[in-house]
$ cat input.cif   # mmCIF, C-alpha atoms
data_final
#
loop_
_atom_site.label_atom_id
_atom_site.label_comp_id
_atom_site.auth_asym_id
_atom_site.auth_seq_id
_atom_site.Cartn_x
_atom_site.Cartn_y
_atom_site.Cartn_z
CA MET Q 1 -25.41 16.45 -2.07
CA GLN Q 2 -22.16 17.83 -0.61
CA ILE Q 3 -18.81 17.27 -2.30
CA LEU Q 4 -15.32 18.10 -1.04
CA LEU Q 5 -12.80 18.75 -3.83
CA VAL Q 6 -9.15 18.75 -2.75
CA ASP Q 7 -6.86 19.79 -5.62
CA ASP Q 8 -4.00 22.30 -5.76
CA GLU Q 9 -4.31 23.03 -9.50
CA PRO Q 10 -6.54 26.12 -9.90
CA ALA Q 11 -6.79 25.50 -13.65
CA LEU Q 12 -8.63 22.26 -12.88
CA ALA Q 13 -10.26 22.89 -9.49
CA GLU Q 14 -12.03 26.13 -10.39
CA PRO Q 15 -13.81 24.98 -13.58
CA LEU Q 16 -14.57 21.60 -12.00
CA SER Q 17 -16.14 23.31 -9.00
CA ARG Q 18 -18.28 25.50 -11.28
CA LEU Q 19 -19.38 22.46 -13.29
CA LEU Q 20 -20.38 20.47 -10.20
CA THR Q 21 -22.21 23.48 -8.78
CA ARG Q 22 -24.18 23.85 -12.02
CA GLU Q 23 -25.15 20.21 -11.68
CA GLY Q 24 -26.76 21.00 -8.33
CA TYR Q 25 -24.03 19.85 -5.93
CA THR Q 26 -22.72 21.87 -2.99
CA VAL Q 27 -18.93 22.02 -3.43
CA ASP Q 28 -16.16 22.97 -1.01
CA VAL Q 29 -12.72 23.44 -2.59
CA VAL Q 30 -9.37 23.37 -0.77
CA THR Q 31 -5.82 23.19 -2.09
CA ASP Q 32 -3.97 21.85 0.96
CA GLY Q 33 -3.98 18.18 1.93
CA ARG Q 34 -3.92 18.75 5.68
CA VAL Q 35 -6.83 21.19 5.51
CA GLY Q 36 -8.68 18.79 3.23
CA CYS Q 37 -8.21 15.93 5.67
CA ASN Q 38 -9.53 18.02 8.56
CA LEU Q 39 -12.59 19.05 6.56
CA ALA Q 40 -13.23 15.49 5.38
CA SER Q 41 -12.99 14.21 8.96
CA GLY Q 42 -15.36 16.78 10.43
CA GLY Q 43 -17.70 17.40 7.51
CA ASN Q 44 -20.79 15.61 6.40
CA TYR Q 45 -19.75 15.03 2.80
CA ASP Q 46 -21.38 12.61 0.38
CA LEU Q 47 -18.28 12.37 -1.84
CA LEU Q 48 -14.59 13.28 -1.69
CA ILE Q 49 -12.69 14.09 -4.89
CA LEU Q 50 -8.97 13.99 -4.11
CA ASP Q 51 -5.89 14.82 -6.12
CA TRP Q 52 -3.08 12.37 -5.36
CA MET Q 53 -0.22 14.86 -5.04
CA LEU Q 54 -1.07 17.64 -2.57
CA PRO Q 55 0.88 19.94 -0.24
CA HIS Q 56 1.48 18.66 3.33
CA LEU Q 57 -0.66 15.51 2.98
CA THR Q 58 -1.27 13.48 -0.16
CA GLY Q 59 -4.68 12.33 -1.31
CA LEU Q 60 -3.50 8.78 -0.68
CA GLU Q 61 -2.70 9.61 2.95
CA ILE Q 62 -6.03 11.40 3.40
CA CYS Q 63 -7.89 8.33 2.13
CA GLN Q 64 -5.88 5.95 4.31
CA GLN Q 65 -6.45 8.03 7.45
CA LEU Q 66 -10.21 8.21 6.84
CA ARG Q 67 -10.49 4.48 6.23
CA ASP Q 68 -8.41 3.71 9.33
CA ARG Q 69 -11.02 5.66 11.34
CA GLY Q 70 -13.88 3.75 9.74
CA ASP Q 71 -15.04 6.63 7.51
CA LEU Q 72 -16.71 5.11 4.44
CA THR Q 73 -17.35 8.33 2.50
CA PRO Q 74 -16.79 7.52 -1.20
CA VAL Q 75 -13.44 8.69 -2.58
CA LEU Q 76 -12.67 9.46 -6.22
CA PHE Q 77 -9.00 9.99 -7.05
CA LEU Q 78 -7.98 12.44 -9.78
CA THR Q 79 -4.34 11.92 -10.72
CA ALA Q 80 -1.78 11.86 -13.47
CA LYS Q 81 -0.42 8.59 -12.05
CA ASP Q 82 -1.59 6.15 -14.69
CA THR Q 83 0.31 2.88 -14.23
CA LEU Q 84 -1.41 -0.31 -13.14
CA ASP Q 85 0.62 -0.29 -9.92
CA ASP Q 86 -0.57 3.24 -9.15
CA ARG Q 87 -4.20 2.22 -9.65
CA VAL Q 88 -3.76 -0.80 -7.39
CA ILE Q 89 -2.13 1.33 -4.67
CA GLY Q 90 -4.95 3.85 -4.83
CA LEU Q 91 -7.72 1.27 -4.68
CA ASP Q 92 -5.97 -0.68 -1.93
CA ALA Q 93 -5.78 2.54 0.10
CA GLY Q 94 -9.58 2.61 0.08
CA ALA Q 95 -10.46 4.67 -2.99
CA ASP Q 96 -13.77 3.81 -4.65
CA ASP Q 97 -12.82 5.05 -8.12
CA TYR Q 98 -9.80 6.37 -9.97
CA LEU Q 99 -9.74 8.81 -12.88
CA VAL Q 100 -6.53 9.61 -14.77
CA LYS Q 101 -5.79 13.18 -15.89
CA PRO Q 102 -6.60 14.48 -18.43
CA PHE Q 103 -10.19 13.25 -18.48
CA GLU Q 104 -13.49 14.13 -20.11
CA LEU Q 105 -15.82 16.11 -17.86
CA ARG Q 106 -18.77 13.99 -18.96
CA GLU Q 107 -17.00 10.89 -17.69
CA LEU Q 108 -16.22 12.54 -14.36
CA LEU Q 109 -19.86 13.55 -13.90
CA ALA Q 110 -20.98 10.00 -14.71
CA ARG Q 111 -18.59 8.58 -12.12
CA VAL Q 112 -19.75 11.12 -9.53
CA ARG Q 113 -23.38 10.14 -10.13
CA ALA Q 114 -22.51 6.43 -9.88
CA LEU Q 115 -20.64 6.85 -6.59
CA LEU Q 116 -23.46 8.91 -5.08
CA ARG Q 117 -26.05 6.31 -6.14
CA ARG Q 118 -23.93 3.60 -4.54
CA ARG Q 119 -23.64 5.74 -1.39
CA GLN Q 120 -27.42 5.93 -1.08
CA LEU Q 121 -27.83 2.20 -1.66
CA VAL Q 122 -25.31 1.16 0.98
CA ASP Q 123 -26.42 3.84 3.45
CA PRO Q 124 -30.19 4.26 3.05
CA ALA Q 125 -30.44 6.23 6.28
CA ARG Q 126 -28.74 9.16 4.52
CA THR Q 127 -31.75 9.57 2.24
CA GLN Q 128 -33.90 10.39 5.27
CA SER Q 129 -33.14 13.19 7.71
CA LYS Q 130 -35.33 11.84 10.53
CA LEU Q 131 -36.29 8.38 11.73
CA GLN Q 132 -38.85 7.29 14.32
CA VAL Q 133 -39.60 4.02 16.08
CA ASP Q 134 -42.35 4.34 18.69
CA ASP Q 135 -41.25 7.05 21.17
CA LEU Q 136 -37.68 7.14 19.87
CA GLU Q 137 -36.80 9.74 17.21
CA LEU Q 138 -33.48 10.39 15.48
CA ASP Q 139 -32.40 13.54 13.68
CA LEU Q 140 -29.56 12.28 11.49
CA ASP Q 141 -28.44 15.67 10.20
CA ASN Q 142 -28.01 17.17 13.66
CA GLN Q 143 -26.99 13.97 15.50
CA LEU Q 144 -29.80 14.29 18.03
CA ALA Q 145 -32.02 11.60 19.51
CA TYR Q 146 -35.36 12.32 21.15
CA VAL Q 147 -36.86 10.04 23.78
CA CYS Q 148 -40.31 11.12 25.00
CA GLY Q 149 -39.47 14.66 23.91
CA ARG Q 150 -36.07 14.74 25.67
CA SER Q 151 -33.20 15.67 23.31
CA ILE Q 152 -29.89 13.81 23.53
CA GLU Q 153 -26.68 14.69 21.69
CA LEU Q 154 -24.97 11.77 19.95
CA SER Q 155 -21.56 11.22 18.43
CA GLU Q 156 -21.26 10.44 14.72
CA LYS Q 157 -20.76 6.71 15.33
CA GLU Q 158 -23.63 6.58 17.84
CA THR Q 159 -25.86 8.28 15.25
CA GLN Q 160 -24.81 5.82 12.56
CA LEU Q 161 -25.42 2.83 14.83
CA LEU Q 162 -28.81 4.04 16.05
CA GLY Q 163 -29.88 4.97 12.51
CA TYR Q 164 -28.91 1.53 11.19
CA LEU Q 165 -30.87 -0.24 13.93
CA MET Q 166 -33.90 2.00 13.42
CA GLN Q 167 -33.84 1.45 9.67
CA HIS Q 168 -34.17 -2.28 10.43
CA ALA Q 169 -36.52 -2.08 13.43
CA GLY Q 170 -37.67 -5.51 14.57
CA GLN Q 171 -34.84 -7.24 12.70
CA VAL Q 172 -31.82 -8.82 14.36
CA LEU Q 173 -28.62 -7.31 12.97
CA THR Q 174 -25.60 -9.52 13.52
CA HIS Q 175 -22.35 -8.30 14.99
CA SER Q 176 -20.64 -8.71 11.61
CA GLN Q 177 -23.38 -6.79 9.79
CA ILE Q 178 -23.13 -3.86 12.17
CA GLN Q 179 -19.33 -3.86 12.19
CA GLY Q 180 -19.26 -3.95 8.39
CA TYR Q 181 -21.68 -1.02 8.22
CA LEU Q 182 -19.88 1.13 10.78
CA TRP Q 183 -16.25 0.35 10.02
CA GLY Q 184 -16.19 -1.41 6.63
CA GLU Q 185 -15.51 -5.02 5.78
CA ASN Q 186 -11.76 -4.46 5.63
CA ASN Q 187 -11.43 -2.48 8.87
CA PRO Q 188 -13.05 -4.57 11.63
CA PRO Q 189 -12.50 -3.18 15.15
CA ASN Q 190 -11.49 -5.14 18.20
CA SER Q 191 -14.26 -7.45 19.40
CA ASN Q 192 -15.23 -5.28 22.37
CA VAL Q 193 -15.51 -1.96 20.48
CA LEU Q 194 -19.07 -2.58 19.24
CA ALA Q 195 -20.24 -3.71 22.68
CA ALA Q 196 -18.71 -0.57 24.22
CA LEU Q 197 -20.44 1.63 21.63
CA VAL Q 198 -23.79 -0.02 22.37
CA ARG Q 199 -23.29 0.53 26.12
CA LEU Q 200 -22.54 4.22 25.58
CA LEU Q 201 -25.59 4.63 23.36
CA ARG Q 202 -27.84 2.85 25.85
CA ARG Q 203 -26.70 5.12 28.68
CA LYS Q 204 -27.74 8.13 26.63
CA ILE Q 205 -31.10 7.04 25.22
CA GLU Q 206 -32.55 4.53 27.68
CA VAL Q 207 -34.60 5.52 30.73
CA LYS Q 208 -33.98 3.73 34.02
CA GLY Q 209 -36.79 1.29 34.77
CA ALA Q 210 -38.17 1.39 31.21
CA PRO Q 211 -37.86 -1.52 28.75
CA GLU Q 212 -34.60 -1.69 26.80
CA LEU Q 213 -34.66 0.23 23.53
CA ILE Q 214 -31.67 -1.68 22.13
CA GLN Q 215 -32.11 -5.39 22.76
CA THR Q 216 -29.22 -7.84 22.90
CA VAL Q 217 -29.82 -11.10 21.05
CA TYR Q 218 -27.17 -13.25 22.68
CA GLY Q 219 -24.77 -14.96 20.33
CA LYS Q 220 -26.14 -13.02 17.35
CA GLY Q 221 -26.33 -9.25 17.64
CA TYR Q 222 -28.75 -6.43 18.43
CA ARG Q 223 -32.15 -5.09 17.43
CA ILE Q 224 -34.57 -2.30 18.15
CA SER Q 225 -38.03 -3.69 18.69
CA ASN Q 226 -41.00 -1.97 17.10
CA LYS Q 227 -44.15 -2.59 19.12
#
$ encode --input "input.cif" --output "structure tokens"
Amino acid sequence: MQILLVDDEPALAEPLSRLLTREGYTVDVVTDGRVGCNLASGGNYDLLILDWMLPHLTGLEICQQLRDRGDLTPVLFLTAKDTLDDRVIGLDAGADDYLVKPFELRELLARVRALLRRRQLVDPARTQSKLQVDDLELDLDNQLAYVCGRSIELSEKETQLLGYLMQHAGQVLTHSQIQGYLWGENNPPNSNVLAALVRLLRRKIEVKGAPELIQTVYGKGYRISNK
């Protein structure tokens, strides 16, 4: 499990990083909000631990930017801001949990474990590195699809969409289900964004003249058929 810790207090970040590493997590530590946001956007992290007050970009702004892009990586805020209004602002920005400084390390570890368990439950594809349905294979870690041995590079969203469909092969997934999975219940895209994403994915993975891999169920959604 990979964790990004963004905190500009060495007295907290260093021992916390050592503790998480001893627990078996892979931890990247940065002290600058802008750098942290770039890493969070491009990395494949299972959890983000963000201080609220950071140089150049606050933890709140990092969380808001990620959620606006549809990134659902769990976020745990660490902050000295302890009023009810502060908690509400943090959670409304998209944080999954909120821990007020100073805190007990045992409690932090328990919250980390809970968020990671929740991550696996809502995104079961992350527990598997490769999926296969008939002649279609998907390497989730490397964002590569294989059709009859031909490798195809996919974007992150294309990988997420294809993985979700393959996890539920043979099942019709509604437009709202897919949109909720890819962008979150509170960040639905414009109505044509999902259709455009499906078209792009089809162009990459489907072979001209062969049966459709991604089937449209009109008025409902999409499915991948398993023979």
$ residues_around --input "input.cif" --residues "Q:Glu23" --least-positions-apart "4" --cutoff "12 Å" --atoms "all atoms listed in the file" --output "PyMOL selection string"
chain Q and resi 1-3+16-19+27+105-106+109-110+112-113
$ axis_aligned_box --input "input.cif" --around "stretch 22-39 of chain Q" --padding-each-side "3 Å" --output "AutoDock Vina command-line options"
--center_x -15.3 --center_y 19.9 --center_z -1.7 --size_x 28.8 --size_y 13.9 --size_z 26.6
$ atom_distance --input "input.cif" --atom1 "atom CA of Q:Val30" --atom2 "atom CA of Q:Trp52"
13.5 Å
$ resolve_selection --input "input.cif" --expression "the PyMOL selection byres ((chain Q and resi 111) around 12)" --output "list in words"
Leu47, Ile49, Pro74, Val75, Leu76, Phe77, Leu78, Asp96, Asp97, Tyr98, Leu99, Phe103, Glu104, Leu105, Arg106, Glu107, Leu108, Leu109, Ala110, Val112, Arg113, Ala114, Leu115, Leu116, Arg117 and Arg118 of chain Q
$ write_last_selection --input "input.cif" --atoms "C-alpha atoms" --output "PDB file, in the frame of the given file"
ATOM      1  CA  LEU Q  47     -18.280  12.370  -1.840  1.00  0.00           C
ATOM      2  CA  ILE Q  49     -12.690  14.090  -4.890  1.00  0.00           C
ATOM      3  CA  PRO Q  74     -16.790   7.520  -1.200  1.00  0.00           C
ATOM      4  CA  VAL Q  75     -13.440   8.690  -2.580  1.00  0.00           C
ATOM      5  CA  LEU Q  76     -12.670   9.460  -6.220  1.00  0.00           C
ATOM      6  CA  PHE Q  77      -9.000   9.990  -7.050  1.00  0.00           C
ATOM      7  CA  LEU Q  78      -7.980  12.440  -9.780  1.00  0.00           C
ATOM      8  CA  ASP Q  96     -13.770   3.810  -4.650  1.00  0.00           C
ATOM      9  CA  ASP Q  97     -12.820   5.050  -8.120  1.00  0.00           C
ATOM     10  CA  TYR Q  98      -9.800   6.370  -9.970  1.00  0.00           C
ATOM     11  CA  LEU Q  99      -9.740   8.810 -12.880  1.00  0.00           C
ATOM     12  CA  PHE Q 103     -10.190  13.250 -18.480  1.00  0.00           C
ATOM     13  CA  GLU Q 104     -13.490  14.130 -20.110  1.00  0.00           C
ATOM     14  CA  LEU Q 105     -15.820  16.110 -17.860  1.00  0.00           C
ATOM     15  CA  ARG Q 106     -18.770  13.990 -18.960  1.00  0.00           C
ATOM     16  CA  GLU Q 107     -17.000  10.890 -17.690  1.00  0.00           C
ATOM     17  CA  LEU Q 108     -16.220  12.540 -14.360  1.00  0.00           C
ATOM     18  CA  LEU Q 109     -19.860  13.550 -13.900  1.00  0.00           C
ATOM     19  CA  ALA Q 110     -20.980  10.000 -14.710  1.00  0.00           C
ATOM     20  CA  VAL Q 112     -19.750  11.120  -9.530  1.00  0.00           C
ATOM     21  CA  ARG Q 113     -23.380  10.140 -10.130  1.00  0.00           C
ATOM     22  CA  ALA Q 114     -22.510   6.430  -9.880  1.00  0.00           C
ATOM     23  CA  LEU Q 115     -20.640   6.850  -6.590  1.00  0.00           C
ATOM     24  CA  LEU Q 116     -23.460   8.910  -5.080  1.00  0.00           C
ATOM     25  CA  ARG Q 117     -26.050   6.310  -6.140  1.00  0.00           C
ATOM     26  CA  ARG Q 118     -23.930   3.600  -4.540  1.00  0.00           C
TER      27      ARG Q 118
END
$ atom_distance --input "input.cif" --atom1 "atom CA of Q:Leu154" --atom2 "atom CA of Q:Cys63"
24.9 Å
$ residues_around --input "input.cif" --residues "stretch 4-14 of chain Q" --least-positions-apart "5" --cutoff "10 Å" --atoms "all atoms listed in the file" --output "JSON list (two decimals) with C-alpha atoms, in the coordinates of the input"
[["chain", "number", "residue", "atom", "x", "y", "z"],
["Q", 19, "LEU", "CA", -19.38, 22.46, -13.29],
["Q", 26, "THR", "CA", -22.72, 21.87, -2.99],
["Q", 27, "VAL", "CA", -18.93, 22.02, -3.43],
["Q", 28, "ASP", "CA", -16.16, 22.97, -1.01],
["Q", 29, "VAL", "CA", -12.72, 23.44, -2.59],
["Q", 30, "VAL", "CA", -9.37, 23.37, -0.77],
["Q", 31, "THR", "CA", -5.82, 23.19, -2.09],
["Q", 32, "ASP", "CA", -3.97, 21.85, 0.96],
["Q", 33, "GLY", "CA", -3.98, 18.18, 1.93],
["Q", 34, "ARG", "CA", -3.92, 18.75, 5.68],
["Q", 35, "VAL", "CA", -6.83, 21.19, 5.51],
["Q", 36, "GLY", "CA", -8.68, 18.79, 3.23],
["Q", 37, "CYS", "CA", -8.21, 15.93, 5.67],
["Q", 39, "LEU", "CA", -12.59, 19.05, 6.56],
["Q", 40, "ALA", "CA", -13.23, 15.49, 5.38],
["Q", 43, "GLY", "CA", -17.70, 17.40, 7.51],
["Q", 44, "ASN", "CA", -20.79, 15.61, 6.40],
["Q", 45, "TYR", "CA", -19.75, 15.03, 2.80],
["Q", 46, "ASP", "CA", -21.38, 12.61, 0.38],
["Q", 47, "LEU", "CA", -18.28, 12.37, -1.84],
["Q", 48, "LEU", "CA", -14.59, 13.28, -1.69],
["Q", 49, "ILE", "CA", -12.69, 14.09, -4.89],
["Q", 50, "LEU", "CA", -8.97, 13.99, -4.11],
["Q", 51, "ASP", "CA", -5.89, 14.82, -6.12],
["Q", 52, "TRP", "CA", -3.08, 12.37, -5.36],
["Q", 53, "MET", "CA", -0.22, 14.86, -5.04],
["Q", 54, "LEU", "CA", -1.07, 17.64, -2.57],
["Q", 55, "PRO", "CA", 0.88, 19.94, -0.24],
["Q", 58, "THR", "CA", -1.27, 13.48, -0.16],
["Q", 59, "GLY", "CA", -4.68, 12.33, -1.31],
["Q", 75, "VAL", "CA", -13.44, 8.69, -2.58],
["Q", 76, "LEU", "CA", -12.67, 9.46, -6.22],
["Q", 77, "PHE", "CA", -9.00, 9.99, -7.05],
["Q", 78, "LEU", "CA", -7.98, 12.44, -9.78],
["Q", 79, "THR", "CA", -4.34, 11.92, -10.72],
["Q", 101, "LYS", "CA", -5.79, 13.18, -15.89],
["Q", 102, "PRO", "CA", -6.60, 14.48, -18.43]]
$ build_atoms --input "input.cif" --residues "stretch 202-224 of chain Q" --atoms "N, CA and C atoms" --output "PDB file, keeping the file's coordinate frame"
ATOM      1  N   ARG Q 202     -26.766   3.185  24.916  1.00  0.00           N
ATOM      2  CA  ARG Q 202     -27.840   2.850  25.850  1.00  0.00           C
ATOM      3  C   ARG Q 202     -27.901   3.830  27.018  1.00  0.00           C
ATOM      4  N   ARG Q 203     -26.736   4.191  27.550  1.00  0.00           N
ATOM      5  CA  ARG Q 203     -26.700   5.120  28.680  1.00  0.00           C
ATOM      6  C   ARG Q 203     -27.350   6.454  28.315  1.00  0.00           C
ATOM      7  N   LYS Q 204     -27.220   6.829  27.067  1.00  0.00           N
ATOM      8  CA  LYS Q 204     -27.740   8.130  26.630  1.00  0.00           C
ATOM      9  C   LYS Q 204     -29.247   8.086  26.362  1.00  0.00           C
ATOM     10  N   ILE Q 205     -29.721   7.001  25.724  1.00  0.00           N
ATOM     11  CA  ILE Q 205     -31.100   7.040  25.220  1.00  0.00           C
ATOM     12  C   ILE Q 205     -32.093   6.251  26.055  1.00  0.00           C
ATOM     13  N   GLU Q 206     -31.611   5.368  26.941  1.00  0.00           N
ATOM     14  CA  GLU Q 206     -32.550   4.530  27.680  1.00  0.00           C
ATOM     15  C   GLU Q 206     -32.874   5.138  29.042  1.00  0.00           C
ATOM     16  N   VAL Q 207     -34.104   4.968  29.469  1.00  0.00           N
ATOM     17  CA  VAL Q 207     -34.600   5.520  30.730  1.00  0.00           C
ATOM     18  C   VAL Q 207     -34.591   4.416  31.779  1.00  0.00           C
ATOM     19  N   LYS Q 208     -34.060   4.722  32.952  1.00  0.00           N
ATOM     20  CA  LYS Q 208     -33.980   3.730  34.020  1.00  0.00           C
ATOM     21  C   LYS Q 208     -35.371   3.219  34.379  1.00  0.00           C
ATOM     22  N   GLY Q 209     -35.518   1.905  34.430  1.00  0.00           N
ATOM     23  CA  GLY Q 209     -36.790   1.290  34.770  1.00  0.00           C
ATOM     24  C   GLY Q 209     -37.687   1.012  33.589  1.00  0.00           C
ATOM     25  N   ALA Q 210     -37.367   1.619  32.424  1.00  0.00           N
ATOM     26  CA  ALA Q 210     -38.170   1.390  31.210  1.00  0.00           C
ATOM     27  C   ALA Q 210     -37.590   0.205  30.435  1.00  0.00           C
ATOM     28  N   PRO Q 211     -38.378  -0.416  29.559  1.00  0.00           N
ATOM     29  CA  PRO Q 211     -37.860  -1.520  28.750  1.00  0.00           C
ATOM     30  C   PRO Q 211     -36.665  -1.070  27.897  1.00  0.00           C
ATOM     31  N   GLU Q 212     -35.765  -1.997  27.617  1.00  0.00           N
ATOM     32  CA  GLU Q 212     -34.600  -1.690  26.800  1.00  0.00           C
ATOM     33  C   GLU Q 212     -35.021  -1.251  25.402  1.00  0.00           C
ATOM     34  N   LEU Q 213     -34.416  -0.180  24.910  1.00  0.00           N
ATOM     35  CA  LEU Q 213     -34.660   0.230  23.530  1.00  0.00           C
ATOM     36  C   LEU Q 213     -33.822  -0.607  22.574  1.00  0.00           C
ATOM     37  N   ILE Q 214     -32.569  -0.838  22.948  1.00  0.00           N
ATOM     38  CA  ILE Q 214     -31.670  -1.680  22.130  1.00  0.00           C
ATOM     39  C   ILE Q 214     -31.571  -3.031  22.812  1.00  0.00           C
ATOM     40  N   GLN Q 215     -32.075  -4.052  22.182  1.00  0.00           N
ATOM     41  CA  GLN Q 215     -32.110  -5.390  22.760  1.00  0.00           C
ATOM     42  C   GLN Q 215     -30.916  -6.215  22.298  1.00  0.00           C
ATOM     43  N   THR Q 216     -30.302  -6.925  23.229  1.00  0.00           N
ATOM     44  CA  THR Q 216     -29.220  -7.840  22.900  1.00  0.00           C
ATOM     45  C   THR Q 216     -29.799  -9.205  22.565  1.00  0.00           C
ATOM     46  N   VAL Q 217     -29.451  -9.735  21.422  1.00  0.00           N
ATOM     47  CA  VAL Q 217     -29.820 -11.100  21.050  1.00  0.00           C
ATOM     48  C   VAL Q 217     -28.551 -11.926  21.196  1.00  0.00           C
ATOM     49  N   TYR Q 218     -28.435 -12.631  22.302  1.00  0.00           N
ATOM     50  CA  TYR Q 218     -27.170 -13.250  22.680  1.00  0.00           C
ATOM     51  C   TYR Q 218     -26.678 -14.237  21.636  1.00  0.00           C
ATOM     52  N   GLY Q 219     -25.399 -14.096  21.318  1.00  0.00           N
ATOM     53  CA  GLY Q 219     -24.770 -14.960  20.330  1.00  0.00           C
ATOM     54  C   GLY Q 219     -25.014 -14.513  18.901  1.00  0.00           C
ATOM     55  N   LYS Q 220     -25.835 -13.468  18.719  1.00  0.00           N
ATOM     56  CA  LYS Q 220     -26.140 -13.020  17.350  1.00  0.00           C
ATOM     57  C   LYS Q 220     -25.837 -11.544  17.148  1.00  0.00           C
ATOM     58  N   GLY Q 221     -26.532 -10.666  17.879  1.00  0.00           N
ATOM     59  CA  GLY Q 221     -26.330  -9.250  17.640  1.00  0.00           C
ATOM     60  C   GLY Q 221     -27.301  -8.392  18.425  1.00  0.00           C
ATOM     61  N   TYR Q 222     -27.881  -7.383  17.763  1.00  0.00           N
ATOM     62  CA  TYR Q 222     -28.750  -6.430  18.430  1.00  0.00           C
ATOM     63  C   TYR Q 222     -29.958  -6.107  17.538  1.00  0.00           C
ATOM     64  N   ARG Q 223     -30.994  -5.573  18.182  1.00  0.00           N
ATOM     65  CA  ARG Q 223     -32.150  -5.090  17.430  1.00  0.00           C
ATOM     66  C   ARG Q 223     -32.862  -4.031  18.243  1.00  0.00           C
ATOM     67  N   ILE Q 224     -33.596  -3.217  17.518  1.00  0.00           N
ATOM     68  CA  ILE Q 224     -34.570  -2.300  18.150  1.00  0.00           C
ATOM     69  C   ILE Q 224     -35.938  -2.862  17.836  1.00  0.00           C
TER      70      ILE Q 224
END
